[in-house]
Amino acid sequence: MMTETPLLATAVPTPGGTLAFVVTPEDGVVRAAGFEPVGETAARLPEPLLARGVRELTEVDAAADPALGAVVGAVRRYAAGERGALDAVPAEQPGGPFFHAVWSAMRAIPAGRTASYAELAAAAGNPKAVRAAGSACARNLLAPFVPCHRVLRTGGDLGGYYYGLGTKRALLEHEGALTPTPPVAELDLGLELDLDLQRDLNHGRQPPPPANVRALTSYRTSTLGRPGGDGGDHG
């Protein structure tokens with residue numbers, strides 16, 4: 001019988017990390033996905049599907065497979081910059097009516113945009129069910145096809161993410177919803193300048209700054225030297 005055949009799985013690199021996903025071969029529907037090894041993704045399948053077993057294919061073989069090929073192609077296009085490439089990929093998971101409403105609302109958030117948990121609850125039809133909307137995010141088996149990474153706390157804080165905030169940030173930066181984080185070298189340079197400037201101020205002296213940071217040093221000196229400046233505690 002068709003329903004006794006093993007499910008098929010593979011993994012494809014993306015800006016958020018290597019994405020594993022599992023599909024039912026009879027219809028090509030994604031049943032589980034995540035930024036983790038294929039075995040861990042498969043282990044989170046509902047029991048009736050897990051009982052069928054899972055056969056893992058290489059990315060090359062999966063791209064040529066009738067059931068996996070379309071999904072592999074969509075993930076590759078997404079990774080290459082086609083931000084909406086995952087929108088039409090069929091994906092299903094078990095859950096109650098409200099969870100399904102929340103997951104549908106997530107899929108309606110365009111790539112490059114975000115929503116708060118409160119906005120998500122309202123879009124799912126129950127503005128008061130903010131906590132339940134958060135639970136639906138936590139129970140999502142289909143990231144990023146069901147894009148829970150696009151849901152943030154009110155005020156813009158990243159909140160949580162099953163695969164880590166580094167992955168969540170990388171996905172949002174890839175989609176254009178967040179400004180890319182400066183390279184570590186730039187952050188280190190800024191910290192070094194701040195520490196040197198503070199040390200000089202603590203000793204009551206102001207050495208002439210290097211030419212390439214004169215404007216930056218001048219600004220910091222003026223603001224650190226008066227109440228309410230950048231050196232103060234804004235709370």
# chains A, B, ... in the order shown; residues from 1 in each chain; ligands from 1

$ select_by_dssp --residues "stretch 5-109 of chain A" --states "alpha helix (DSSP H)" --output "compact mmCIF listing (two decimals) with all heavy atoms, in the first residue's frame"
# COMPACT_ATOMS: atom_id res chain seq x y z
N VAL A 38 19.06 15.50 9.77
CA VAL A 38 17.85 14.85 9.26
C VAL A 38 17.23 13.92 10.30
O VAL A 38 16.01 13.88 10.49
CB VAL A 38 18.16 14.08 7.96
CG1 VAL A 38 17.01 13.15 7.59
CG2 VAL A 38 18.44 15.05 6.81
N GLY A 39 18.07 13.17 11.00
CA GLY A 39 17.55 12.23 11.99
C GLY A 39 16.76 12.91 13.09
O GLY A 39 15.73 12.37 13.54
N GLU A 40 17.21 14.08 13.52
CA GLU A 40 16.49 14.80 14.57
C GLU A 40 15.17 15.36 14.06
O GLU A 40 14.16 15.37 14.77
CB GLU A 40 17.36 15.92 15.13
CG GLU A 40 18.60 15.41 15.87
CD GLU A 40 19.44 16.53 16.44
OE1 GLU A 40 18.92 17.66 16.60
OE2 GLU A 40 20.64 16.30 16.71
N THR A 41 15.17 15.82 12.82
CA THR A 41 13.92 16.30 12.22
C THR A 41 12.93 15.15 12.09
O THR A 41 11.75 15.28 12.43
CB THR A 41 14.19 16.93 10.84
OG1 THR A 41 15.03 18.07 11.00
CG2 THR A 41 12.89 17.36 10.17
N ALA A 42 13.39 14.00 11.59
CA ALA A 42 12.51 12.85 11.40
C ALA A 42 11.95 12.36 12.73
O ALA A 42 10.80 11.91 12.80
CB ALA A 42 13.27 11.73 10.71
N ALA A 43 12.73 12.47 13.79
CA ALA A 43 12.28 11.98 15.10
C ALA A 43 11.10 12.78 15.64
O ALA A 43 10.38 12.30 16.52
CB ALA A 43 13.44 12.03 16.09
N GLU A 47 3.66 10.07 15.21
CA GLU A 47 3.91 8.64 15.29
C GLU A 47 3.43 7.85 14.06
O GLU A 47 4.16 7.00 13.56
CB GLU A 47 3.27 8.07 16.56
CG GLU A 47 3.52 6.58 16.76
CD GLU A 47 5.01 6.22 16.77
OE1 GLU A 47 5.80 7.01 17.31
OE2 GLU A 47 5.36 5.15 16.23
N PRO A 48 2.23 8.11 13.52
CA PRO A 48 1.80 7.33 12.35
C PRO A 48 2.74 7.48 11.15
O PRO A 48 2.93 6.52 10.40
CB PRO A 48 0.41 7.90 12.04
CG PRO A 48 -0.06 8.46 13.34
CD PRO A 48 1.16 9.01 14.00
N LEU A 49 3.32 8.66 10.98
CA LEU A 49 4.27 8.87 9.89
C LEU A 49 5.63 8.29 10.23
O LEU A 49 6.28 7.68 9.38
CB LEU A 49 4.39 10.37 9.57
CG LEU A 49 3.15 11.04 8.98
CD1 LEU A 49 3.39 12.54 8.83
CD2 LEU A 49 2.77 10.42 7.64
N LEU A 50 6.06 8.47 11.45
CA LEU A 50 7.35 7.94 11.87
C LEU A 50 7.39 6.43 11.74
O LEU A 50 8.44 5.85 11.41
CB LEU A 50 7.63 8.36 13.31
CG LEU A 50 9.01 8.01 13.89
CD1 LEU A 50 10.12 8.66 13.06
CD2 LEU A 50 9.10 8.47 15.34
N GLU A 59 21.46 15.52 -1.44
CA GLU A 59 20.81 16.66 -2.08
C GLU A 59 20.72 16.45 -3.60
O GLU A 59 19.69 16.78 -4.21
CB GLU A 59 21.57 17.94 -1.77
CG GLU A 59 20.94 19.18 -2.38
CD GLU A 59 21.76 20.44 -2.15
OE1 GLU A 59 22.69 20.41 -1.34
OE2 GLU A 59 21.47 21.46 -2.82
N VAL A 60 21.75 15.89 -4.19
CA VAL A 60 21.76 15.67 -5.64
C VAL A 60 20.66 14.69 -6.04
O VAL A 60 19.89 14.92 -6.98
CB VAL A 60 23.13 15.17 -6.11
CG1 VAL A 60 23.09 14.76 -7.58
CG2 VAL A 60 24.19 16.25 -5.90
N ASP A 61 20.57 13.56 -5.32
CA ASP A 61 19.54 12.57 -5.63
C ASP A 61 18.15 13.12 -5.34
O ASP A 61 17.19 12.84 -6.08
CB ASP A 61 19.78 11.29 -4.83
CG ASP A 61 21.00 10.53 -5.32
OD1 ASP A 61 21.44 10.78 -6.45
OD2 ASP A 61 21.51 9.69 -4.54
N ALA A 62 18.03 13.89 -4.27
CA ALA A 62 16.73 14.45 -3.91
C ALA A 62 16.24 15.43 -4.97
O ALA A 62 15.04 15.50 -5.27
CB ALA A 62 16.81 15.14 -2.55
N ALA A 63 17.17 16.19 -5.56
CA ALA A 63 16.79 17.16 -6.58
C ALA A 63 16.18 16.48 -7.79
O ALA A 63 15.36 17.08 -8.51
CB ALA A 63 17.99 18.00 -6.98
N ALA A 64 16.57 15.23 -8.04
CA ALA A 64 16.05 14.49 -9.19
C ALA A 64 14.86 13.62 -8.84
O ALA A 64 14.26 13.00 -9.74
CB ALA A 64 17.16 13.61 -9.77
N GLY A 69 12.04 16.78 -5.45
CA GLY A 69 12.68 17.73 -6.36
C GLY A 69 12.12 19.14 -6.27
O GLY A 69 12.88 20.12 -6.25
N ALA A 70 10.79 19.27 -6.21
CA ALA A 70 10.19 20.60 -6.18
C ALA A 70 10.56 21.34 -4.90
O ALA A 70 10.81 22.56 -4.91
CB ALA A 70 8.68 20.50 -6.31
N VAL A 71 10.62 20.62 -3.78
CA VAL A 71 10.96 21.26 -2.51
C VAL A 71 12.43 21.66 -2.50
O VAL A 71 12.78 22.76 -2.06
CB VAL A 71 10.63 20.33 -1.33
CG1 VAL A 71 10.90 21.05 0.00
CG2 VAL A 71 9.19 19.85 -1.39
N VAL A 72 13.29 20.78 -2.98
CA VAL A 72 14.72 21.11 -3.07
C VAL A 72 14.91 22.37 -3.92
O VAL A 72 15.66 23.28 -3.55
CB VAL A 72 15.53 19.94 -3.65
CG1 VAL A 72 16.97 20.36 -3.95
CG2 VAL A 72 15.52 18.76 -2.69
N GLY A 73 14.23 22.43 -5.04
CA GLY A 73 14.34 23.60 -5.90
C GLY A 73 13.89 24.87 -5.22
O GLY A 73 14.52 25.93 -5.35
N ALA A 74 12.80 24.80 -4.46
CA ALA A 74 12.29 25.97 -3.76
C ALA A 74 13.27 26.43 -2.69
O ALA A 74 13.52 27.64 -2.53
CB ALA A 74 10.93 25.66 -3.13
N VAL A 75 13.85 25.49 -1.95
CA VAL A 75 14.81 25.86 -0.91
C VAL A 75 16.06 26.47 -1.53
O VAL A 75 16.61 27.46 -1.02
CB VAL A 75 15.17 24.64 -0.04
CG1 VAL A 75 16.27 24.99 0.97
CG2 VAL A 75 13.94 24.13 0.70
N ARG A 76 16.53 25.91 -2.64
CA ARG A 76 17.69 26.49 -3.31
C ARG A 76 17.41 27.90 -3.80
O ARG A 76 18.26 28.80 -3.68
CB ARG A 76 18.09 25.59 -4.50
CG ARG A 76 18.79 24.30 -4.11
CD ARG A 76 19.03 23.45 -5.33
NE ARG A 76 19.89 22.29 -5.07
CZ ARG A 76 20.17 21.35 -5.95
NH1 ARG A 76 19.65 21.42 -7.19
NH2 ARG A 76 20.96 20.33 -5.64
N ARG A 77 16.22 28.15 -4.33
CA ARG A 77 15.88 29.49 -4.80
C ARG A 77 15.80 30.47 -3.62
O ARG A 77 16.24 31.61 -3.71
CB ARG A 77 14.56 29.48 -5.57
CG ARG A 77 14.62 28.71 -6.88
CD ARG A 77 13.44 29.06 -7.79
NE ARG A 77 12.15 28.87 -7.14
CZ ARG A 77 11.50 27.72 -7.06
NH1 ARG A 77 12.03 26.61 -7.57
NH2 ARG A 77 10.32 27.66 -6.46
N TYR A 78 15.25 30.00 -2.52
CA TYR A 78 15.19 30.84 -1.32
C TYR A 78 16.60 31.20 -0.86
O TYR A 78 16.90 32.37 -0.56
CB TYR A 78 14.44 30.10 -0.21
CG TYR A 78 14.48 30.79 1.13
CD1 TYR A 78 13.62 31.85 1.40
CD2 TYR A 78 15.38 30.39 2.12
CE1 TYR A 78 13.66 32.51 2.64
CE2 TYR A 78 15.42 31.04 3.35
CZ TYR A 78 14.56 32.09 3.60
OH TYR A 78 14.61 32.74 4.81
N ALA A 79 17.46 30.22 -0.80
CA ALA A 79 18.84 30.46 -0.38
C ALA A 79 19.56 31.43 -1.32
O ALA A 79 20.42 32.20 -0.88
CB ALA A 79 19.61 29.14 -0.30
N PRO A 97 -7.69 23.50 15.84
CA PRO A 97 -8.15 24.56 14.95
C PRO A 97 -7.42 25.89 15.14
O PRO A 97 -7.06 26.54 14.15
CB PRO A 97 -9.64 24.69 15.28
CG PRO A 97 -10.03 23.35 15.81
CD PRO A 97 -8.83 22.85 16.56
N PHE A 98 -7.20 26.29 16.41
CA PHE A 98 -6.53 27.59 16.61
C PHE A 98 -5.07 27.53 16.18
O PHE A 98 -4.56 28.47 15.57
CB PHE A 98 -6.63 28.04 18.07
CG PHE A 98 -6.03 29.40 18.29
CD1 PHE A 98 -6.63 30.53 17.76
CD2 PHE A 98 -4.84 29.55 18.99
CE1 PHE A 98 -6.07 31.80 17.95
CE2 PHE A 98 -4.27 30.81 19.18
CZ PHE A 98 -4.89 31.94 18.66
N PHE A 99 -4.40 26.43 16.48
CA PHE A 99 -3.01 26.30 16.04
C PHE A 99 -2.92 26.39 14.52
O PHE A 99 -2.04 27.05 13.97
CB PHE A 99 -2.41 24.98 16.53
CG PHE A 99 -1.82 25.05 17.92
CD1 PHE A 99 -2.23 26.02 18.82
CD2 PHE A 99 -0.85 24.16 18.32
CE1 PHE A 99 -1.70 26.10 20.10
CE2 PHE A 99 -0.29 24.23 19.60
CZ PHE A 99 -0.72 25.20 20.49
N HIS A 100 -3.84 25.72 13.84
CA HIS A 100 -3.84 25.78 12.37
C HIS A 100 -4.10 27.20 11.89
O HIS A 100 -3.51 27.65 10.89
CB HIS A 100 -4.86 24.80 11.79
CG HIS A 100 -4.35 23.39 11.70
ND1 HIS A 100 -3.42 23.01 10.76
CD2 HIS A 100 -4.63 22.29 12.43
CE1 HIS A 100 -3.14 21.72 10.90
NE2 HIS A 100 -3.85 21.26 11.92
N ALA A 101 -4.96 27.93 12.59
CA ALA A 101 -5.21 29.32 12.21
C ALA A 101 -3.96 30.17 12.41
O ALA A 101 -3.64 31.03 11.57
CB ALA A 101 -6.36 29.89 13.05
N VAL A 102 -3.21 29.89 13.49
CA VAL A 102 -1.97 30.63 13.73
C VAL A 102 -0.93 30.29 12.67
O VAL A 102 -0.25 31.19 12.14
CB VAL A 102 -1.42 30.31 15.14
CG1 VAL A 102 -0.03 30.91 15.33
CG2 VAL A 102 -2.36 30.83 16.21
N TRP A 103 -0.79 29.03 12.35
CA TRP A 103 0.19 28.63 11.33
C TRP A 103 -0.15 29.23 9.97
O TRP A 103 0.74 29.65 9.22
CB TRP A 103 0.28 27.11 11.26
CG TRP A 103 0.85 26.50 12.51
CD1 TRP A 103 1.78 27.05 13.36
CD2 TRP A 103 0.52 25.23 13.08
NE1 TRP A 103 2.05 26.20 14.41
CE2 TRP A 103 1.30 25.08 14.26
CE3 TRP A 103 -0.35 24.20 12.72
CZ2 TRP A 103 1.21 23.94 15.07
CZ3 TRP A 103 -0.43 23.06 13.52
CH2 TRP A 103 0.35 22.94 14.69
N SER A 104 -1.44 29.30 9.65
CA SER A 104 -1.84 29.94 8.39
C SER A 104 -1.52 31.43 8.41
O SER A 104 -1.07 32.00 7.40
CB SER A 104 -3.35 29.73 8.15
OG SER A 104 -3.65 28.37 7.94
N ALA A 105 -1.73 32.06 9.56
CA ALA A 105 -1.40 33.48 9.69
C ALA A 105 0.09 33.72 9.55
O ALA A 105 0.52 34.72 8.96
CB ALA A 105 -1.90 34.01 11.03
N MET A 106 0.89 32.79 10.06
CA MET A 106 2.35 32.91 9.89
C MET A 106 2.73 32.87 8.42
O MET A 106 3.57 33.66 7.96
CB MET A 106 3.06 31.75 10.61
CG MET A 106 3.18 31.89 12.10
SD MET A 106 4.18 30.52 12.71
CE MET A 106 3.49 30.33 14.35
N ARG A 107 2.13 31.96 7.69
CA ARG A 107 2.47 31.84 6.27
C ARG A 107 2.02 33.06 5.47
O ARG A 107 2.51 33.27 4.35
CB ARG A 107 1.88 30.56 5.66
CG ARG A 107 2.41 29.27 6.27
CD ARG A 107 2.28 28.08 5.33
NE ARG A 107 3.41 28.03 4.39
CZ ARG A 107 3.57 27.06 3.49
NH1 ARG A 107 2.67 26.08 3.38
NH2 ARG A 107 4.60 27.06 2.67

$ residues_around --residues "A:Ala121" --least-positions-apart "6" --cutoff "9 Å" --atoms "only C-alpha atoms" --output "list in words"
Ala101, Val102, Ala105, Pro127, Lys128, Ala129, Val130, Arg131, Ala132, Ala133 and Gly134 of chain A

$ write_last_selection --atoms "N, CA and C atoms" --output "mmCIF file, in the first residue's frame"
data_model
loop_
_atom_site.group_PDB
_atom_site.id
_atom_site.type_symbol
_atom_site.label_atom_id
_atom_site.label_comp_id
_atom_site.auth_asym_id
_atom_site.auth_seq_id
_atom_site.Cartn_x
_atom_site.Cartn_y
_atom_site.Cartn_z
ATOM 1 N N ALA A 101 -4.960 27.930 12.588
ATOM 2 C CA ALA A 101 -5.212 29.325 12.212
ATOM 3 C C ALA A 101 -3.956 30.165 12.407
ATOM 4 N N VAL A 102 -3.211 29.892 13.487
ATOM 5 C CA VAL A 102 -1.967 30.627 13.732
ATOM 6 C C VAL A 102 -0.934 30.287 12.669
ATOM 7 N N ALA A 105 -1.728 32.060 9.563
ATOM 8 C CA ALA A 105 -1.401 33.482 9.690
ATOM 9 C C ALA A 105 0.095 33.715 9.547
ATOM 10 N N PRO A 127 -7.615 37.865 19.385
ATOM 11 C CA PRO A 127 -6.600 38.804 19.862
ATOM 12 C C PRO A 127 -6.148 38.566 21.303
ATOM 13 N N LYS A 128 -6.992 37.930 22.112
ATOM 14 C CA LYS A 128 -6.639 37.698 23.514
ATOM 15 C C LYS A 128 -5.744 36.468 23.709
ATOM 16 N N ALA A 129 -5.599 35.654 22.668
ATOM 17 C CA ALA A 129 -4.875 34.379 22.801
ATOM 18 C C ALA A 129 -3.404 34.528 22.438
ATOM 19 N N VAL A 130 -2.754 35.537 23.014
ATOM 20 C CA VAL A 130 -1.358 35.789 22.679
ATOM 21 C C VAL A 130 -0.466 34.635 23.147
ATOM 22 N N ARG A 131 -0.733 34.133 24.345
ATOM 23 C CA ARG A 131 0.072 33.032 24.867
ATOM 24 C C ARG A 131 -0.108 31.775 24.006
ATOM 25 N N ALA A 132 -1.333 31.513 23.580
ATOM 26 C CA ALA A 132 -1.586 30.350 22.730
ATOM 27 C C ALA A 132 -0.904 30.507 21.375
ATOM 28 N N ALA A 133 -0.841 31.739 20.870
ATOM 29 C CA ALA A 133 -0.128 31.981 19.614
ATOM 30 C C ALA A 133 1.348 31.672 19.780
ATOM 31 N N GLY A 134 1.903 32.046 20.950
ATOM 32 C CA GLY A 134 3.295 31.712 21.230
ATOM 33 C C GLY A 134 3.510 30.211 21.308
#

$ select_by_dssp --residues "stretch 30-153 of chain A" --states "strand (DSSP E or B)" --output "ChimeraX atom specification"
/A:30-34,54-56,91,115-116,142,151-152

$ residues_around --residues "stretch 8-22 of chain A" --least-positions-apart "3" --cutoff "7 Å" --atoms "only C-alpha atoms" --output "list in words"
Pro25, Val30, Arg31, Ala32, Ala33, Gly34, Phe35, Glu36, Pro37, Val38, Thr41, Ala42, Val54, Arg55, Glu56, Leu57, Thr58, Glu59, Ala62, Ala79, Thr167, Ala170, Leu171 and His174 of chain A

$ closest_residue --among "A:Ala124, A:Ala136, A:Ala91, A:Leu142" --to "A:Ile109" --atoms "only C-alpha atoms"
A:Ala124

$ residues_around --residues "A:Tyr161" --least-positions-apart "3" --cutoff "12 Å" --atoms "only C-alpha atoms" --output "list in words"
Gly34, Phe35, Gly134, Ser135, Cys137, Ala138, Arg139, Asn140, Ala143, Pro144, Pro147, Cys148, His149, Arg150, Val151, Leu152, Arg153, Asp157, Leu158, Gly164, Leu165, Gly166, Thr167, Lys168, Arg169, Ala170 and Leu171 of chain A

$ atom_distance --atom1 "atom CA of A:Gly159" --atom2 "atom CA of A:Val29"
29.0 Å
